[in-house]
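Reviewing the structure listed below.
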Amino acid sequence: MSAIEEQLARVDPSQRVLLLSHCLRPSQTCPGKYSKQGLECPPDCNEDCSNGRLRRLAVKLGYKGVCIAPGGRLALKFVKENSPQGIVAIACHKELEEGIQGVKELAAEAAPNPAIVVVPLTKDGCVDTEVNEELALEMVALGCTLPSGEGRA
Ligand code: SF4
């Protein structure tokens with residue numbers, strides 16, 4: 001485990017947020033709707049979707065919030081509003097350069113500095129992208145235990 005992953009593992013899930021890229025959704029079948037808070041997933045959505053599985057895991061673990069952002073600016077606003085101590089971000093290279101960099105700069109001003117673990121996409125291109133989902137799930141769950149009787153996703 002890297003030093004930043006160890007730092008994240010020590011943060012209670014109630015003080016963590018998960019930032020997801022909207023481009024991970026299946027673009028042809030996703031029933032989600034965009035709002036000022038990002039892409040909103042209907043609770044009964046059962047599409048084969050990395051965003052859905054990652055979001056459900058974070059909710060089960062008790063994360064402070066999950067934002068499926070259409071861009072770095074919204075992710076930045078979400079972080080400002082929530083002041084998390086831990087951030088897991090699943091992001092494409094473009095977002096890494098823009099929004100996530102902004103999140104890092106913002107986080108650097110906070111005390112103590114939040115732990116930020118970034119999982120890059122394995123296939124980007126803005127639509128129907130992909131991530132190493134096992135790795136992303138592992139990062140979301142670092143240091144956490146699920147409530148008894150709960151499956152992971
Ligand atoms: S879980 Fe995935 S497919 Fe379903 S609404 Fe959310 S982003 Fe769209």
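Order determines the names: the first chain of the structure tokens is A, the second B, and so forth; residues in each chain are numbered 1 upward, and ligands are numbered 1 upward as they are shown.
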**Request:** Could you give me, as a ChimeraX atom specification, the residues within 9 Å of segment 100-102 of chain A, counting only C-alpha atoms and dropping anything in the same chain fewer than 5 positions from it?
**Result:** /A:72-73,75-76,89,91,95,107,118
Would you mind exporting N, CA and C atoms of the selected residues as an mmCIF file, in the first residue's frame?
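Written out: result-v3.cif:
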data_model
loop_
_atom_site.group_PDB
_atom_site.id
_atom_site.type_symbol
_atom_site.label_atom_id
_atom_site.label_comp_id
_atom_site.auth_asym_id
_atom_site.auth_seq_id
_atom_site.Cartn_x
_atom_site.Cartn_y
_atom_site.Cartn_z
ATOM 1 N N GLY A 72 -14.619 18.552 -14.356
ATOM 2 C CA GLY A 72 -13.818 18.855 -13.180
ATOM 3 C C GLY A 72 -14.396 19.982 -12.337
ATOM 4 N N ARG A 73 -15.101 20.945 -12.991
ATOM 5 C CA ARG A 73 -15.598 22.093 -12.241
ATOM 6 C C ARG A 73 -16.618 21.666 -11.185
ATOM 7 N N ALA A 75 -16.865 18.670 -9.862
ATOM 8 C CA ALA A 75 -16.148 17.885 -8.852
ATOM 9 C C ALA A 75 -15.512 18.820 -7.824
ATOM 10 N N LEU A 76 -14.968 19.902 -8.318
ATOM 11 C CA LEU A 76 -14.325 20.875 -7.445
ATOM 12 C C LEU A 76 -15.351 21.513 -6.492
ATOM 13 N N ALA A 89 -10.953 9.462 -6.447
ATOM 14 C CA ALA A 89 -11.380 10.054 -7.718
ATOM 15 C C ALA A 89 -11.074 9.099 -8.861
ATOM 16 N N ALA A 91 -10.923 9.162 -12.689
ATOM 17 C CA ALA A 91 -10.890 10.289 -13.619
ATOM 18 C C ALA A 91 -10.071 9.995 -14.864
ATOM 19 N N GLU A 95 -9.359 15.206 -17.132
ATOM 20 C CA GLU A 95 -9.827 15.679 -15.829
ATOM 21 C C GLU A 95 -8.694 15.710 -14.815
ATOM 22 N N ALA A 107 -7.465 21.060 -1.844
ATOM 23 C CA ALA A 107 -7.207 20.195 -0.697
ATOM 24 C C ALA A 107 -5.923 20.616 0.011
ATOM 25 N N VAL A 118 -6.255 8.732 -6.687
ATOM 26 C CA VAL A 118 -6.819 8.850 -8.031
ATOM 27 C C VAL A 118 -6.634 7.532 -8.781
#
**Asked** How would you write, as a list in words, the set of residues no farther than 6 Å from ligand 1 when counting only C-alpha atoms and all ligand atoms?
**Response**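 Here is the list of contacting residues: Arg25, Pro26, Cys30, Pro31, Gly32, Cys41, Pro42, Cys45, Glu47, Cys49, Asn51 and Gly52 of chain A.
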Can I get the selection written as a compact mmCIF listing (two decimals), in the first residue's frame, with C-alpha atoms?
# COMPACT_ATOMS: atom_id res chain seq x y z
CA ARG A 25 -21.89 5.14 -17.82
CA PRO A 26 -23.26 3.05 -20.70
CA CYS A 30 -28.12 4.94 -18.90
CA PRO A 31 -31.39 6.21 -17.38
CA GLY A 32 -29.60 8.79 -15.22
CA CYS A 41 -28.86 7.52 -10.78
CA PRO A 42 -32.35 6.13 -10.21
CA CYS A 45 -31.01 1.18 -12.04
CA GLU A 47 -27.49 -1.48 -15.83
CA CYS A 49 -22.22 -0.02 -15.03
CA ASN A 51 -20.39 3.92 -11.83
CA GLY A 52 -23.36 2.09 -10.34
**Request:** Mind giving me the straight-line distance from atom CA of Gly143 of chain A to atom CA of Met1 of chain A in Å, one decimal?
**Result:**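 Spanning atom CA of Gly143 of chain A to atom CA of Met1 of chain A is a straight-line distance of 11.0 Å.
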**Request:** Work out how far atom CA of Thr122 of chain A is from atom CA of Gly62 of chain A, in Å to one decimal.
**Result:**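 Answer for the atom CA of Gly62 of chain A to atom CA of Thr122 of chain A separation: 26.9 Å.
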Within 8 Å of segment 2-7 of chain A: each segment 79-135 of chain A residue with its shortest pair, only C-alpha atoms, as JSON lines:
{"residue": "A:Ala115", "atom": "CA", "partner": "A:Gln7", "partner_atom": "CA", "distance": 5.9}
{"residue": "A:Ile116", "atom": "CA", "partner": "A:Ile4", "partner_atom": "CA", "distance": 7.0}
{"residue": "A:Val117", "atom": "CA", "partner": "A:Glu5", "partner_atom": "CA", "distance": 6.6}
Generate a file of the selected residues that holds N, CA and C atoms, formatted as a PDB file, in the first residue's frame.
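And here's out_17.pdb as it stands now:
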ATOM      1  N   ALA A 115      -6.506  13.063   2.109  1.00  0.00           N
ATOM      2  CA  ALA A 115      -5.831  12.047   1.295  1.00  0.00           C
ATOM      3  C   ALA A 115      -6.584  11.931  -0.026  1.00  0.00           C
ATOM      4  N   ILE A 116      -5.875  12.033  -1.138  1.00  0.00           N
ATOM      5  CA  ILE A 116      -6.527  11.925  -2.448  1.00  0.00           C
ATOM      6  C   ILE A 116      -5.921  10.747  -3.204  1.00  0.00           C
ATOM      7  N   VAL A 117      -6.753   9.760  -3.471  1.00  0.00           N
ATOM      8  CA  VAL A 117      -6.324   8.611  -4.266  1.00  0.00           C
ATOM      9  C   VAL A 117      -7.029   8.686  -5.613  1.00  0.00           C
TER      10      VAL A 117
END
**Item:** Near-Pro114 of chain A list (9 Å; only C-alpha atoms; drop same-chain fewer than 2 positions) as a VMD selection string
**Value:** chain A and resid 7 to 8 11 16 83 to 87 104 107 to 108 110 to 112 116
Can you write out the residues you just picked, keeping C-alpha atoms, as an mmCIF file, in the first residue's frame?
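Saved the output as part02.cif:
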data_model
loop_
_atom_site.group_PDB
_atom_site.id
_atom_site.type_symbol
_atom_site.label_atom_id
_atom_site.label_comp_id
_atom_site.auth_asym_id
_atom_site.auth_seq_id
_atom_site.Cartn_x
_atom_site.Cartn_y
_atom_site.Cartn_z
ATOM 1 C CA GLN A 7 -3.526 7.846 4.793
ATOM 2 C CA LEU A 8 -6.891 7.247 3.100
ATOM 3 C CA VAL A 11 -10.026 8.201 7.242
ATOM 4 C CA ARG A 16 -14.687 10.525 2.491
ATOM 5 C CA SER A 83 -14.680 19.432 2.894
ATOM 6 C CA PRO A 84 -13.771 15.730 2.967
ATOM 7 C CA GLN A 85 -10.714 14.286 4.694
ATOM 8 C CA GLY A 86 -10.444 11.559 2.054
ATOM 9 C CA ILE A 87 -11.159 11.606 -1.686
ATOM 10 C CA LYS A 104 -5.628 18.827 -5.207
ATOM 11 C CA ALA A 107 -7.207 20.195 -0.697
ATOM 12 C CA ALA A 108 -3.672 21.463 -0.165
ATOM 13 C CA ALA A 110 -7.149 22.566 3.950
ATOM 14 C CA ALA A 111 -5.749 21.449 7.277
ATOM 15 C CA PRO A 112 -5.153 18.603 7.688
ATOM 16 C CA ILE A 116 -6.527 11.925 -2.448
#
**Prompt:** Mind checking DSSP for chain A and telling me the alpha helix (DSSP H) residues as an MDAnalysis selection string?
**Reply:** chainID A and resid 3:9 50:61 72:82 93:97 99:109 133:140
Same residues, N, CA and C atoms, saved as a compact mmCIF listing (two decimals), in the first residue's frame:
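Everything below was put into out.txt:
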# COMPACT_ATOMS: atom_id res chain seq x y z
N ALA A 3 1.87 5.33 0.55
CA ALA A 3 1.67 6.19 1.71
C ALA A 3 0.31 6.89 1.64
N ILE A 4 -0.08 7.34 0.45
CA ILE A 4 -1.36 8.06 0.34
C ILE A 4 -2.54 7.09 0.56
N GLU A 5 -2.38 5.84 0.12
CA GLU A 5 -3.44 4.85 0.36
C GLU A 5 -3.55 4.56 1.86
N GLU A 6 -2.42 4.51 2.54
CA GLU A 6 -2.45 4.28 3.99
C GLU A 6 -3.15 5.45 4.70
N GLN A 7 -2.87 6.66 4.20
CA GLN A 7 -3.53 7.85 4.79
C GLN A 7 -5.04 7.76 4.59
N LEU A 8 -5.45 7.36 3.37
CA LEU A 8 -6.89 7.25 3.10
C LEU A 8 -7.52 6.16 3.98
N ALA A 9 -6.82 5.05 4.14
CA ALA A 9 -7.36 3.93 4.92
C ALA A 9 -7.66 4.34 6.37
N SER A 50 -20.00 0.46 -14.20
CA SER A 50 -18.98 0.64 -13.15
C SER A 50 -19.39 1.75 -12.19
N ASN A 51 -19.96 2.83 -12.71
CA ASN A 51 -20.39 3.92 -11.83
C ASN A 51 -21.39 3.42 -10.80
N GLY A 52 -22.34 2.60 -11.26
CA GLY A 52 -23.36 2.09 -10.34
C GLY A 52 -22.73 1.22 -9.26
N ARG A 53 -21.83 0.32 -9.64
CA ARG A 53 -21.22 -0.57 -8.64
C ARG A 53 -20.35 0.21 -7.66
N LEU A 54 -19.60 1.16 -8.17
CA LEU A 54 -18.73 1.94 -7.28
C LEU A 54 -19.56 2.83 -6.35
N ARG A 55 -20.60 3.44 -6.90
CA ARG A 55 -21.46 4.29 -6.09
C ARG A 55 -22.14 3.47 -4.98
N ARG A 56 -22.67 2.29 -5.34
CA ARG A 56 -23.36 1.47 -4.34
C ARG A 56 -22.41 1.07 -3.21
N LEU A 57 -21.16 0.72 -3.58
CA LEU A 57 -20.21 0.33 -2.54
C LEU A 57 -19.94 1.51 -1.60
N ALA A 58 -19.73 2.69 -2.17
CA ALA A 58 -19.44 3.86 -1.33
C ALA A 58 -20.62 4.16 -0.40
N VAL A 59 -21.83 4.05 -0.92
CA VAL A 59 -23.02 4.31 -0.10
C VAL A 59 -23.09 3.28 1.03
N LYS A 60 -22.87 1.99 0.69
CA LYS A 60 -22.92 0.94 1.72
C LYS A 60 -21.89 1.17 2.81
N LEU A 61 -20.73 1.67 2.40
CA LEU A 61 -19.67 1.88 3.38
C LEU A 61 -19.90 3.12 4.23
N GLY A 72 -14.62 18.55 -14.36
CA GLY A 72 -13.82 18.86 -13.18
C GLY A 72 -14.40 19.98 -12.34
N ARG A 73 -15.10 20.94 -12.99
CA ARG A 73 -15.60 22.09 -12.24
C ARG A 73 -16.62 21.67 -11.18
N LEU A 74 -17.52 20.75 -11.56
CA LEU A 74 -18.52 20.29 -10.60
C LEU A 74 -17.86 19.47 -9.49
N ALA A 75 -16.87 18.67 -9.86
CA ALA A 75 -16.15 17.88 -8.85
C ALA A 75 -15.51 18.82 -7.82
N LEU A 76 -14.97 19.90 -8.32
CA LEU A 76 -14.32 20.88 -7.44
C LEU A 76 -15.35 21.51 -6.49
N LYS A 77 -16.50 21.88 -7.04
CA LYS A 77 -17.57 22.48 -6.23
C LYS A 77 -18.02 21.49 -5.15
N PHE A 78 -18.16 20.21 -5.54
CA PHE A 78 -18.61 19.17 -4.61
C PHE A 78 -17.61 19.04 -3.45
N VAL A 79 -16.33 19.07 -3.78
CA VAL A 79 -15.30 18.95 -2.74
C VAL A 79 -15.34 20.17 -1.82
N LYS A 80 -15.51 21.35 -2.41
CA LYS A 80 -15.59 22.57 -1.58
C LYS A 80 -16.75 22.47 -0.60
N GLU A 81 -17.89 21.99 -1.08
CA GLU A 81 -19.09 21.92 -0.24
C GLU A 81 -18.97 20.88 0.87
N ASN A 82 -18.23 19.81 0.61
CA ASN A 82 -18.20 18.70 1.57
C ASN A 82 -16.97 18.68 2.48
N HIS A 93 -7.61 11.32 -18.13
CA HIS A 93 -6.38 12.12 -18.11
C HIS A 93 -6.68 13.62 -18.21
N LYS A 94 -7.71 13.96 -19.01
CA LYS A 94 -8.05 15.38 -19.17
C LYS A 94 -8.50 15.96 -17.82
N GLU A 95 -9.36 15.21 -17.13
CA GLU A 95 -9.83 15.68 -15.83
C GLU A 95 -8.69 15.71 -14.81
N LEU A 96 -7.79 14.74 -14.95
CA LEU A 96 -6.65 14.74 -14.04
C LEU A 96 -5.88 16.04 -14.16
N GLU A 97 -5.76 16.51 -15.40
CA GLU A 97 -5.01 17.74 -15.64
C GLU A 97 -5.79 18.96 -15.17
N GLY A 99 -9.73 19.39 -13.51
CA GLY A 99 -10.49 19.40 -12.27
C GLY A 99 -9.78 18.76 -11.11
N ILE A 100 -9.20 17.61 -11.32
CA ILE A 100 -8.57 16.91 -10.19
C ILE A 100 -7.37 17.70 -9.70
N GLN A 101 -6.69 18.36 -10.61
CA GLN A 101 -5.59 19.23 -10.19
C GLN A 101 -6.13 20.34 -9.29
N GLY A 102 -7.30 20.89 -9.70
CA GLY A 102 -7.95 21.91 -8.89
C GLY A 102 -8.33 21.37 -7.52
N VAL A 103 -8.84 20.14 -7.50
CA VAL A 103 -9.21 19.50 -6.23
C VAL A 103 -7.97 19.36 -5.36
N LYS A 104 -6.87 18.99 -5.97
CA LYS A 104 -5.63 18.83 -5.21
C LYS A 104 -5.16 20.16 -4.64
N GLU A 105 -5.27 21.22 -5.46
CA GLU A 105 -4.85 22.54 -4.99
C GLU A 105 -5.74 23.01 -3.84
N LEU A 106 -7.05 22.77 -4.01
CA LEU A 106 -7.99 23.14 -2.96
C LEU A 106 -7.69 22.37 -1.67
N ALA A 107 -7.46 21.06 -1.84
CA ALA A 107 -7.21 20.20 -0.70
C ALA A 107 -5.92 20.62 0.01
N ALA A 108 -4.95 21.08 -0.76
CA ALA A 108 -3.67 21.46 -0.16
C ALA A 108 -3.83 22.64 0.79
N GLU A 109 -4.91 23.45 0.58
CA GLU A 109 -5.14 24.61 1.44
C GLU A 109 -5.83 24.21 2.75
N GLU A 133 -11.99 -1.86 -12.65
CA GLU A 133 -13.02 -1.77 -11.62
C GLU A 133 -12.59 -2.44 -10.32
N GLU A 134 -11.88 -3.55 -10.42
CA GLU A 134 -11.42 -4.23 -9.20
C GLU A 134 -10.54 -3.29 -8.38
N LEU A 135 -9.62 -2.62 -9.10
CA LEU A 135 -8.73 -1.68 -8.41
C LEU A 135 -9.53 -0.52 -7.81
N ALA A 136 -10.48 0.01 -8.59
CA ALA A 136 -11.28 1.14 -8.10
C ALA A 136 -12.09 0.73 -6.86
N LEU A 137 -12.71 -0.45 -6.89
CA LEU A 137 -13.48 -0.93 -5.74
C LEU A 137 -12.57 -1.10 -4.52
N GLU A 138 -11.37 -1.60 -4.79
CA GLU A 138 -10.40 -1.80 -3.70
C GLU A 138 -10.04 -0.46 -3.06
N MET A 139 -9.83 0.57 -3.91
CA MET A 139 -9.46 1.88 -3.37
C MET A 139 -10.62 2.48 -2.56
N VAL A 140 -11.84 2.33 -3.06
CA VAL A 140 -13.01 2.85 -2.33
C VAL A 140 -13.11 2.19 -0.96
**Request:** Find the residues near Thr129 of chain A: any atom within 10 Å, counting only C-alpha atoms, skip ones fewer than 3 places away on the same chain, and give them as a list in words.
**Result:**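 Returned residues: Ser21, His22, Cys23, Leu24, Arg25, Pro26, Ser27, Ser50, Cys92, Leu121, Thr122, Lys123, Asp124, Gly125 and Cys126 of chain A.
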**Request:** Go through segment 74-106 of chain A and collect every residue that DSSP, computed from the backbone, puts in strand (DSSP E); the answer should be as an NGL selection string.
**Result:** :A and (86-91)
**Fill in**
atom CA of Glu98 of chain A to atom CA of Ser14 of chain A measures 26.4 Å
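Distances here use only C-alpha atoms; by that measure, the residue among A:Val127, A:Leu19, A:Val88, A:Ala69 closest to Ala141 of chain A is A:Val88.
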**Complete:** With distances taken over only C-alpha atoms, the candidate from A:Ile90, A:Leu146, A:Asn46, A:Gln37 nearest Asn132 of chain A is A:Ile90
